[in-house]
Amino acid sequence: MQLPTNNFSSAYHASSLEVLERSLKDIPFYRAWRALDPGAGRPVDERFQALPVLGKADIRQYFPGGFIPQGADFDTALARGIIEYVATSGTTSEQVTNIWNQQWWDASERASWQLNRVLSDATKSEHREALLGSALSIGDIDDTGDIAYEDRLWKNYLFLNEKSSPLLWQEKHYRRMIEELARFQPDILEANPSYLWHLCRYASQHNVSLHQPRAIIYTYELPFAWQKRWIQRVFDCPCASSYGSTELGYVFMECPYGRLHQNTRFVRVDFQPLAPEHGGHDMGRILVTTFGNPWYQIVRFDPGDIVRLSEAPCACGGREGFVLEAIEGRFAYCTQDYRGRLITPRRLDAAMQGVDGISGYSLVQEAPGEYAIRVCADKPLSQAREEIVTALQRVYGIEAKFFVEFCDAIQPEPSGKFCYSRSKCLPDINHFIRTR
Ligand SMILES: [Zn+2]
């Protein structure tokens, strides 16, 4: 399903056409796609949809030569610091090196703020921003020693954390973060919710109040229900999810009404719906094409998430581009119910939300219809087990088998991010996509 074309401006179509024709002509990797292009006489949407999907494996295999536009003086741009190479975090199979263009990244971020009235107000003039995420994703890392406050400041940013995991935080780190928020007085707190909830749980349990920024932006991961519960006990400012990646810049921004709006000045999005039994016409994956970055052209990249479209107009008034009801979570973290239907991380989280006193879980689908779940809970397992199994049965089916055990904490992945569900038997994404 494609939204009506009047949701996209003529400038958006012009940018799409310009990127398509230049990429197929001037960029070595995409030249191989030319044979699949139905040609200049066809609508631009149809031409995009005829092209293959760009994956991380393609970038790894053909980087950098395959992605350098014909005639671009890359060596000079690298030498002058206009661009640099950056590697993403994670295991060897997850890591990708990309071309980083700070100027384009900053412009993409500024445009994304315009999609949320609170953020556009908070960022009108020079603003202070505190960042809280894994040091594998942002800032400098030191898992054994501590980095001084002054050395974690850069321009108008303060990096609150230098550890690869919140499980490395000791009492002194929690105290330090609370004091530094009061000292730095950020307008914006940009945080990975898997890290922020740890801080909020500490503050709540120790009855400490935190500096209230004008807004919190969730990045790197989606907020889960138990995380939001802790965060909302401590912060009463507006919160918004920002969705993007190193390859793509800022793709969607949540508005004050809880929907996510496409950053149409900087990205084109193509939507591929799932088959009806796996979610229907409004749920699917997105393929993203970047606009306006002269040094790195990404076309139809799959960032690896499942989204749900919003079909009703949003009360914020934002009309252009795709509007999402929700990001359902990473496809790699999806599982399947007893009958093989796709279950997204958000669907699982919605079910677990009904279980009181949960502070995290890690579910693994071991085989079709068999699931093992480790749960962090504030009450004895004997009391929680029945509630957990009932919640899981609603999602996976009454016939499914569940193995429940308690744990003290969920460990992060090698990337410093957290995975709360996965399957050992998940088929390829193409198994779930609607075939025409
Ligand atoms: Zn909106």
# chains A, B, ... in the order shown; residues from 1 in each chain; ligands from 1
call {"tool": "select_by_dssp", "arguments": {"residues": "stretch 127-340 of chain A", "states": "alpha helix (DSSP H)", "output": "ChimeraX atom specification"}}
result
/A:171-184,193-205,225-234
call {"tool": "residues_around", "arguments": {"residues": "stretch 132-141 of chain A", "least_positions_apart": "2", "cutoff": "7 Å", "atoms": "only C-alpha atoms", "output": "list in words"}}
result
Ser89, Ala130, Asp143, Phe159, Leu160, Asn161, Glu162, Lys163, Ser164, Ser165, Glu190, Ala191, Asn192, Tyr195, Leu196, Ser415 and Gly416 of chain A
call {"tool": "closest_residue", "arguments": {"among": "A:Glu370, A:Asn98, A:His173, A:Arg229", "to": "A:Ser245", "atoms": "only C-alpha atoms"}}
result
A:Asn98
call {"tool": "residues_near_ligand", "arguments": {"ligand": "ligand 1", "cutoff": "9 Å", "atoms": "only C-alpha atoms and all ligand atoms", "output": "list in words"}}
result
Leu115, Asn116, Glu254, Cys255, Pro256, Tyr257, Gly258, Arg259, Leu260, His261, Pro313, Cys314, Ala315, Cys316, Gly317, Gly318, Arg319 and Val323 of chain A
call {"tool": "write_last_selection", "arguments": {"atoms": "C-alpha atoms", "output": "PDB file, in the first residue's frame"}}
result
ATOM      1  CA  LEU A 115       8.593  17.700  12.984  1.00  0.00           C
ATOM      2  CA  ASN A 116       7.929  18.142  16.718  1.00  0.00           C
ATOM      3  CA  GLU A 254       7.733  11.387  16.931  1.00  0.00           C
ATOM      4  CA  CYS A 255       5.399  14.357  17.304  1.00  0.00           C
ATOM      5  CA  PRO A 256       3.651  15.421  20.534  1.00  0.00           C
ATOM      6  CA  TYR A 257       0.668  13.272  19.492  1.00  0.00           C
ATOM      7  CA  GLY A 258       2.708  10.076  19.529  1.00  0.00           C
ATOM      8  CA  ARG A 259       2.973   9.488  15.780  1.00  0.00           C
ATOM      9  CA  LEU A 260       6.218   9.408  13.820  1.00  0.00           C
ATOM     10  CA  HIS A 261       6.605  11.718  10.826  1.00  0.00           C
ATOM     11  CA  PRO A 313      -4.393  12.371   9.735  1.00  0.00           C
ATOM     12  CA  CYS A 314      -2.303  13.383  12.762  1.00  0.00           C
ATOM     13  CA  ALA A 315      -3.607  16.111  15.086  1.00  0.00           C
ATOM     14  CA  CYS A 316      -0.227  17.896  14.949  1.00  0.00           C
ATOM     15  CA  GLY A 317      -1.023  18.944  11.383  1.00  0.00           C
ATOM     16  CA  GLY A 318       2.015  17.258   9.787  1.00  0.00           C
ATOM     17  CA  ARG A 319       0.756  15.930   6.467  1.00  0.00           C
ATOM     18  CA  VAL A 323       3.140   8.925   9.216  1.00  0.00           C
TER      19      VAL A 323
END
call {"tool": "residues_around", "arguments": {"residues": "A:Pro69", "least_positions_apart": "2", "cutoff": "7 Å", "atoms": "only C-alpha atoms", "output": "JSON, numbers by chain"}}
result
{"A": [26, 27, 67, 71, 72]}
call {"tool": "residues_around", "arguments": {"residues": "stretch 30-40 of chain A", "least_positions_apart": "6", "cutoff": "9 Å", "atoms": "only C-alpha atoms", "output": "VMD selection string"}}
result
chain A and resid 21 23 to 24 46 to 48 50 to 52 66 to 67 299
call {"tool": "atom_distance", "arguments": {"atom1": "atom CA of A:Ser241", "atom2": "atom CA of A:Ala215"}}
result
10.8 Å
call {"tool": "residues_around", "arguments": {"residues": "stretch 346-357 of chain A", "least_positions_apart": "4", "cutoff": "6 Å", "atoms": "only C-alpha atoms", "output": "JSON, numbers by chain"}}
result
{"A": [225, 328, 377, 378, 391]}
call {"tool": "atom_distance", "arguments": {"atom1": "atom CA of A:Ile59", "atom2": "atom CA of A:Leu78"}}
result
18.7 Å
call {"tool": "closest_residue", "arguments": {"among": "A:Leu248, A:Ala203, A:Leu381, A:Leu153", "to": "A:Phe184", "atoms": "only C-alpha atoms"}}
result
A:Leu153
call {"tool": "select_by_dssp", "arguments": {"residues": "stretch 176-340 of chain A", "states": "strand (DSSP E or B)", "output": "mmCIF file with N, CA, C and O atoms, in the first residue's frame"}}
result
data_model
loop_
_atom_site.group_PDB
_atom_site.id
_atom_site.type_symbol
_atom_site.label_atom_id
_atom_site.label_comp_id
_atom_site.auth_asym_id
_atom_site.auth_seq_id
_atom_site.Cartn_x
_atom_site.Cartn_y
_atom_site.Cartn_z
ATOM 1 N N ILE A 188 17.776 19.577 26.378
ATOM 2 C CA ILE A 188 17.370 18.291 25.792
ATOM 3 C C ILE A 188 18.201 17.190 26.443
ATOM 4 O O ILE A 188 19.415 17.334 26.597
ATOM 5 N N LEU A 189 17.541 16.098 26.788
ATOM 6 C CA LEU A 189 18.252 14.895 27.212
ATOM 7 C C LEU A 189 17.997 13.841 26.151
ATOM 8 O O LEU A 189 16.853 13.433 25.932
ATOM 9 N N GLU A 190 19.073 13.468 25.448
ATOM 10 C CA GLU A 190 18.937 12.463 24.397
ATOM 11 C C GLU A 190 19.437 11.152 24.978
ATOM 12 O O GLU A 190 20.590 11.074 25.418
ATOM 13 N N ALA A 191 18.574 10.142 25.018
ATOM 14 C CA ALA A 191 18.942 8.948 25.781
ATOM 15 C C ALA A 191 18.467 7.662 25.142
ATOM 16 O O ALA A 191 17.387 7.598 24.541
ATOM 17 N N ALA A 215 12.730 18.558 27.026
ATOM 18 C CA ALA A 215 12.236 17.347 26.339
ATOM 19 C C ALA A 215 13.282 16.245 26.425
ATOM 20 O O ALA A 215 14.479 16.520 26.545
ATOM 21 N N ILE A 216 12.803 15.004 26.352
ATOM 22 C CA ILE A 216 13.689 13.843 26.249
ATOM 23 C C ILE A 216 13.511 13.260 24.847
ATOM 24 O O ILE A 216 12.375 13.110 24.369
ATOM 25 N N ILE A 217 14.629 12.977 24.196
ATOM 26 C CA ILE A 217 14.569 12.300 22.899
ATOM 27 C C ILE A 217 15.104 10.882 23.088
ATOM 28 O O ILE A 217 16.241 10.697 23.536
ATOM 29 N N TYR A 218 14.295 9.888 22.754
ATOM 30 C CA TYR A 218 14.756 8.492 22.797
ATOM 31 C C TYR A 218 15.459 8.183 21.484
ATOM 32 O O TYR A 218 14.885 8.373 20.398
ATOM 33 N N CYS A 239 8.362 13.429 25.898
ATOM 34 C CA CYS A 239 9.360 12.494 25.375
ATOM 35 C C CYS A 239 9.012 12.184 23.923
ATOM 36 O O CYS A 239 7.835 12.068 23.580
ATOM 37 N N ALA A 240 10.042 12.045 23.076
ATOM 38 C CA ALA A 240 9.794 11.731 21.664
ATOM 39 C C ALA A 240 10.849 10.757 21.167
ATOM 40 O O ALA A 240 12.030 10.904 21.474
ATOM 41 N N SER A 241 10.420 9.772 20.372
ATOM 42 C CA SER A 241 11.370 8.832 19.769
ATOM 43 C C SER A 241 11.888 9.399 18.459
ATOM 44 O O SER A 241 11.105 9.861 17.623
ATOM 45 N N SER A 242 13.206 9.341 18.300
ATOM 46 C CA SER A 242 13.826 9.741 17.044
ATOM 47 C C SER A 242 14.344 8.469 16.390
ATOM 48 O O SER A 242 15.006 7.664 17.029
ATOM 49 N N TYR A 243 14.025 8.292 15.097
ATOM 50 C CA TYR A 243 14.395 7.050 14.423
ATOM 51 C C TYR A 243 15.328 7.348 13.256
ATOM 52 O O TYR A 243 15.006 8.151 12.383
ATOM 53 N N GLY A 244 16.495 6.706 13.258
ATOM 54 C CA GLY A 244 17.428 6.892 12.161
ATOM 55 C C GLY A 244 18.573 5.923 12.298
ATOM 56 O O GLY A 244 18.516 4.985 13.096
ATOM 57 N N SER A 245 19.633 6.143 11.522
ATOM 58 C CA SER A 245 20.805 5.283 11.633
ATOM 59 C C SER A 245 22.006 6.023 11.051
ATOM 60 O O SER A 245 21.854 7.062 10.403
ATOM 61 N N GLY A 249 20.940 8.982 8.551
ATOM 62 C CA GLY A 249 20.611 10.215 9.269
ATOM 63 C C GLY A 249 19.274 10.038 9.962
ATOM 64 O O GLY A 249 18.925 8.941 10.415
ATOM 65 N N TYR A 250 18.500 11.131 10.028
ATOM 66 C CA TYR A 250 17.248 11.126 10.786
ATOM 67 C C TYR A 250 16.071 10.829 9.855
ATOM 68 O O TYR A 250 15.813 11.587 8.931
ATOM 69 N N VAL A 251 15.384 9.734 10.087
ATOM 70 C CA VAL A 251 14.362 9.253 9.149
ATOM 71 C C VAL A 251 12.944 9.601 9.624
ATOM 72 O O VAL A 251 12.119 10.071 8.848
ATOM 73 N N PHE A 252 12.643 9.355 10.893
ATOM 74 C CA PHE A 252 11.324 9.673 11.462
ATOM 75 C C PHE A 252 11.501 10.364 12.811
ATOM 76 O O PHE A 252 12.447 10.065 13.546
ATOM 77 N N MET A 253 10.579 11.254 13.140
ATOM 78 C CA MET A 253 10.559 11.879 14.458
ATOM 79 C C MET A 253 9.134 11.818 15.012
ATOM 80 O O MET A 253 8.172 12.096 14.292
ATOM 81 N N GLU A 254 9.051 11.453 16.281
ATOM 82 C CA GLU A 254 7.733 11.387 16.931
ATOM 83 C C GLU A 254 7.249 12.795 17.254
ATOM 84 O O GLU A 254 8.017 13.631 17.728
ATOM 85 N N LEU A 260 4.883 9.109 14.349
ATOM 86 C CA LEU A 260 6.218 9.408 13.820
ATOM 87 C C LEU A 260 6.102 9.909 12.393
ATOM 88 O O LEU A 260 5.459 9.258 11.545
ATOM 89 N N HIS A 261 6.714 11.082 12.134
ATOM 90 C CA HIS A 261 6.605 11.718 10.826
ATOM 91 C C HIS A 261 7.920 11.595 10.055
ATOM 92 O O HIS A 261 8.997 11.751 10.632
ATOM 93 N N GLN A 262 7.788 11.372 8.748
ATOM 94 C CA GLN A 262 8.957 11.192 7.880
ATOM 95 C C GLN A 262 9.693 12.517 7.680
ATOM 96 O O GLN A 262 9.063 13.551 7.447
ATOM 97 N N VAL A 267 15.027 12.246 3.476
ATOM 98 C CA VAL A 267 14.897 10.834 3.085
ATOM 99 C C VAL A 267 13.628 10.559 2.287
ATOM 100 O O VAL A 267 12.574 11.145 2.528
ATOM 101 N N ARG A 268 13.787 9.639 1.349
ATOM 102 C CA ARG A 268 12.643 9.031 0.682
ATOM 103 C C ARG A 268 12.404 7.693 1.373
ATOM 104 O O ARG A 268 13.361 7.004 1.751
ATOM 105 N N VAL A 269 11.143 7.323 1.553
ATOM 106 C CA VAL A 269 10.813 6.029 2.161
ATOM 107 C C VAL A 269 9.906 5.255 1.212
ATOM 108 O O VAL A 269 8.928 5.796 0.689
ATOM 109 N N ASP A 270 10.253 3.996 0.956
ATOM 110 C CA ASP A 270 9.348 3.074 0.257
ATOM 111 C C ASP A 270 8.885 2.049 1.278
ATOM 112 O O ASP A 270 9.665 1.623 2.133
ATOM 113 N N PHE A 271 7.609 1.683 1.182
ATOM 114 C CA PHE A 271 6.999 0.796 2.183
ATOM 115 C C PHE A 271 6.633 -0.528 1.520
ATOM 116 O O PHE A 271 6.010 -0.548 0.461
ATOM 117 N N GLN A 272 7.015 -1.637 2.155
ATOM 118 C CA GLN A 272 6.637 -2.966 1.648
ATOM 119 C C GLN A 272 5.782 -3.657 2.710
ATOM 120 O O GLN A 272 6.290 -4.027 3.778
ATOM 121 N N PRO A 273 4.480 -3.837 2.440
ATOM 122 C CA PRO A 273 3.609 -4.433 3.453
ATOM 123 C C PRO A 273 3.891 -5.918 3.681
ATOM 124 O O PRO A 273 4.380 -6.611 2.792
ATOM 125 N N LEU A 274 3.552 -6.374 4.878
ATOM 126 C CA LEU A 274 3.647 -7.798 5.188
ATOM 127 C C LEU A 274 2.419 -8.504 4.608
ATOM 128 O O LEU A 274 1.407 -7.873 4.307
ATOM 129 N N MET A 283 1.211 -2.821 8.059
ATOM 130 C CA MET A 283 2.445 -3.174 8.753
ATOM 131 C C MET A 283 3.450 -3.695 7.725
ATOM 132 O O MET A 283 3.088 -4.473 6.838
ATOM 133 N N GLY A 284 4.698 -3.263 7.837
ATOM 134 C CA GLY A 284 5.673 -3.726 6.858
ATOM 135 C C GLY A 284 7.049 -3.194 7.150
ATOM 136 O O GLY A 284 7.307 -2.645 8.218
ATOM 137 N N ARG A 285 7.936 -3.391 6.161
ATOM 138 C CA ARG A 285 9.286 -2.853 6.331
ATOM 139 C C ARG A 285 9.439 -1.599 5.479
ATOM 140 O O ARG A 285 8.669 -1.367 4.549
ATOM 141 N N ILE A 286 10.452 -0.809 5.794
ATOM 142 C CA ILE A 286 10.707 0.411 5.029
ATOM 143 C C ILE A 286 12.062 0.298 4.342
ATOM 144 O O ILE A 286 12.978 -0.347 4.857
ATOM 145 N N LEU A 287 12.137 0.915 3.165
ATOM 146 C CA LEU A 287 13.402 0.996 2.428
ATOM 147 C C LEU A 287 13.690 2.480 2.259
ATOM 148 O O LEU A 287 12.827 3.226 1.781
ATOM 149 N N VAL A 288 14.871 2.896 2.665
ATOM 150 C CA VAL A 288 15.137 4.335 2.789
ATOM 151 C C VAL A 288 16.223 4.782 1.799
ATOM 152 O O VAL A 288 17.246 4.118 1.640
ATOM 153 N N THR A 289 15.960 5.919 1.169
ATOM 154 C CA THR A 289 16.887 6.552 0.228
ATOM 155 C C THR A 289 17.215 7.938 0.768
ATOM 156 O O THR A 289 16.300 8.663 1.171
ATOM 157 N N THR A 290 18.494 8.304 0.797
ATOM 158 C CA THR A 290 18.849 9.610 1.371
ATOM 159 C C THR A 290 18.850 10.708 0.300
ATOM 160 O O THR A 290 19.113 10.453 -0.876
ATOM 161 N N PHE A 301 17.815 1.315 1.208
ATOM 162 C CA PHE A 301 18.489 0.576 2.292
ATOM 163 C C PHE A 301 17.431 0.070 3.280
ATOM 164 O O PHE A 301 16.515 0.803 3.664
ATOM 165 N N ASP A 305 13.847 -2.691 10.412
ATOM 166 C CA ASP A 305 12.749 -2.576 11.368
ATOM 167 C C ASP A 305 11.394 -2.772 10.702
ATOM 168 O O ASP A 305 11.239 -2.536 9.508
ATOM 169 N N ILE A 306 10.432 -3.189 11.511
ATOM 170 C CA ILE A 306 9.041 -3.310 11.061
ATOM 171 C C ILE A 306 8.286 -2.098 11.615
ATOM 172 O O ILE A 306 8.466 -1.735 12.785
ATOM 173 N N VAL A 307 7.480 -1.467 10.756
ATOM 174 C CA VAL A 307 6.726 -0.286 11.193
ATOM 175 C C VAL A 307 5.237 -0.492 10.936
ATOM 176 O O VAL A 307 4.851 -1.358 10.150
ATOM 177 N N ARG A 308 4.430 0.327 11.610
ATOM 178 C CA ARG A 308 2.984 0.305 11.374
ATOM 179 C C ARG A 308 2.563 1.697 10.924
ATOM 180 O O ARG A 308 2.841 2.686 11.597
ATOM 181 N N LEU A 309 1.901 1.771 9.755
ATOM 182 C CA LEU A 309 1.476 3.071 9.232
ATOM 183 C C LEU A 309 0.244 3.578 9.962
ATOM 184 O O LEU A 309 -0.588 2.797 10.422
ATOM 185 N N VAL A 323 3.360 8.702 7.785
ATOM 186 C CA VAL A 323 3.140 8.925 9.216
ATOM 187 C C VAL A 323 2.962 7.540 9.839
ATOM 188 O O VAL A 323 2.162 6.740 9.357
ATOM 189 N N LEU A 324 3.751 7.268 10.876
ATOM 190 C CA LEU A 324 3.701 5.944 11.501
ATOM 191 C C LEU A 324 2.901 5.987 12.789
ATOM 192 O O LEU A 324 3.042 6.920 13.587
ATOM 193 N N GLU A 325 2.100 4.957 12.964
ATOM 194 C CA GLU A 325 1.435 4.742 14.252
ATOM 195 C C GLU A 325 2.493 4.301 15.267
ATOM 196 O O GLU A 325 2.464 4.712 16.420
ATOM 197 N N ALA A 326 3.439 3.478 14.789
ATOM 198 C CA ALA A 326 4.477 2.969 15.698
ATOM 199 C C ALA A 326 5.600 2.318 14.907
ATOM 200 O O ALA A 326 5.406 1.885 13.767
ATOM 201 N N ILE A 327 6.756 2.254 15.543
ATOM 202 C CA ILE A 327 7.815 1.372 15.056
ATOM 203 C C ILE A 327 7.676 0.095 15.876
ATOM 204 O O ILE A 327 7.689 0.132 17.105
ATOM 205 N N GLU A 328 7.479 -0.999 15.192
ATOM 206 C CA GLU A 328 7.151 -2.262 15.872
ATOM 207 C C GLU A 328 8.388 -2.981 16.393
ATOM 208 O O GLU A 328 8.271 -3.913 17.172
ATOM 209 N N GLY A 329 9.576 -2.546 15.938
ATOM 210 C CA GLY A 329 10.810 -3.139 16.445
ATOM 211 C C GLY A 329 11.611 -3.823 15.352
ATOM 212 O O GLY A 329 11.173 -3.922 14.205
ATOM 213 N N ARG A 330 12.784 -4.263 15.714
ATOM 214 C CA ARG A 330 13.695 -4.863 14.745
ATOM 215 C C ARG A 330 13.140 -6.198 14.255
ATOM 216 O O ARG A 330 12.648 -7.005 15.055
ATOM 217 N N THR A 335 9.594 -12.771 16.684
ATOM 218 C CA THR A 335 9.385 -14.196 16.923
ATOM 219 C C THR A 335 8.123 -14.593 16.160
ATOM 220 O O THR A 335 7.545 -13.768 15.454
ATOM 221 N N GLN A 336 7.703 -15.854 16.288
ATOM 222 C CA GLN A 336 6.471 -16.294 15.629
ATOM 223 C C GLN A 336 5.570 -17.000 16.645
ATOM 224 O O GLN A 336 6.077 -17.653 17.565
#
call {"tool": "closest_residue", "arguments": {"among": "A:Thr219, A:Thr264, A:Thr344, A:Thr390", "to": "A:Gly279", "atoms": "only C-alpha atoms"}}
result
A:Thr344
call {"tool": "residues_around", "arguments": {"residues": "A:Trp104", "least_positions_apart": "4", "cutoff": "9 Å", "atoms": "only C-alpha atoms", "output": "list in words"}}
result
Trp100, Ser108, Glu109, Gly249, Gly292, Asn293 and Pro294 of chain A
call {"tool": "write_last_selection", "arguments": {"atoms": "N, CA and C atoms", "output": "compact mmCIF listing (two decimals), in the first residue's frame"}}
result
# COMPACT_ATOMS: atom_id res chain seq x y z
N TRP A 100 30.97 9.39 6.82
CA TRP A 100 30.32 10.31 7.74
C TRP A 100 30.53 11.74 7.26
N SER A 108 20.28 17.19 8.79
CA SER A 108 19.22 16.18 8.87
C SER A 108 18.58 16.19 10.26
N GLU A 109 19.43 16.34 11.29
CA GLU A 109 18.92 16.38 12.67
C GLU A 109 18.03 17.62 12.88
N GLY A 249 20.94 8.98 8.55
CA GLY A 249 20.61 10.22 9.27
C GLY A 249 19.27 10.04 9.96
N GLY A 292 20.37 14.71 -0.55
CA GLY A 292 21.19 15.89 -0.22
C GLY A 292 22.57 15.63 0.36
N ASN A 293 23.03 14.39 0.38
CA ASN A 293 24.39 14.12 0.87
C ASN A 293 25.30 13.88 -0.35
N PRO A 294 26.13 14.87 -0.69
CA PRO A 294 26.91 14.75 -1.92
C PRO A 294 27.99 13.67 -1.85
call {"tool": "closest_residue", "arguments": {"among": "A:Pro238, A:Pro223, A:Pro186, A:Gly360", "to": "A:Leu210", "atoms": "only C-alpha atoms"}}
result
A:Pro186
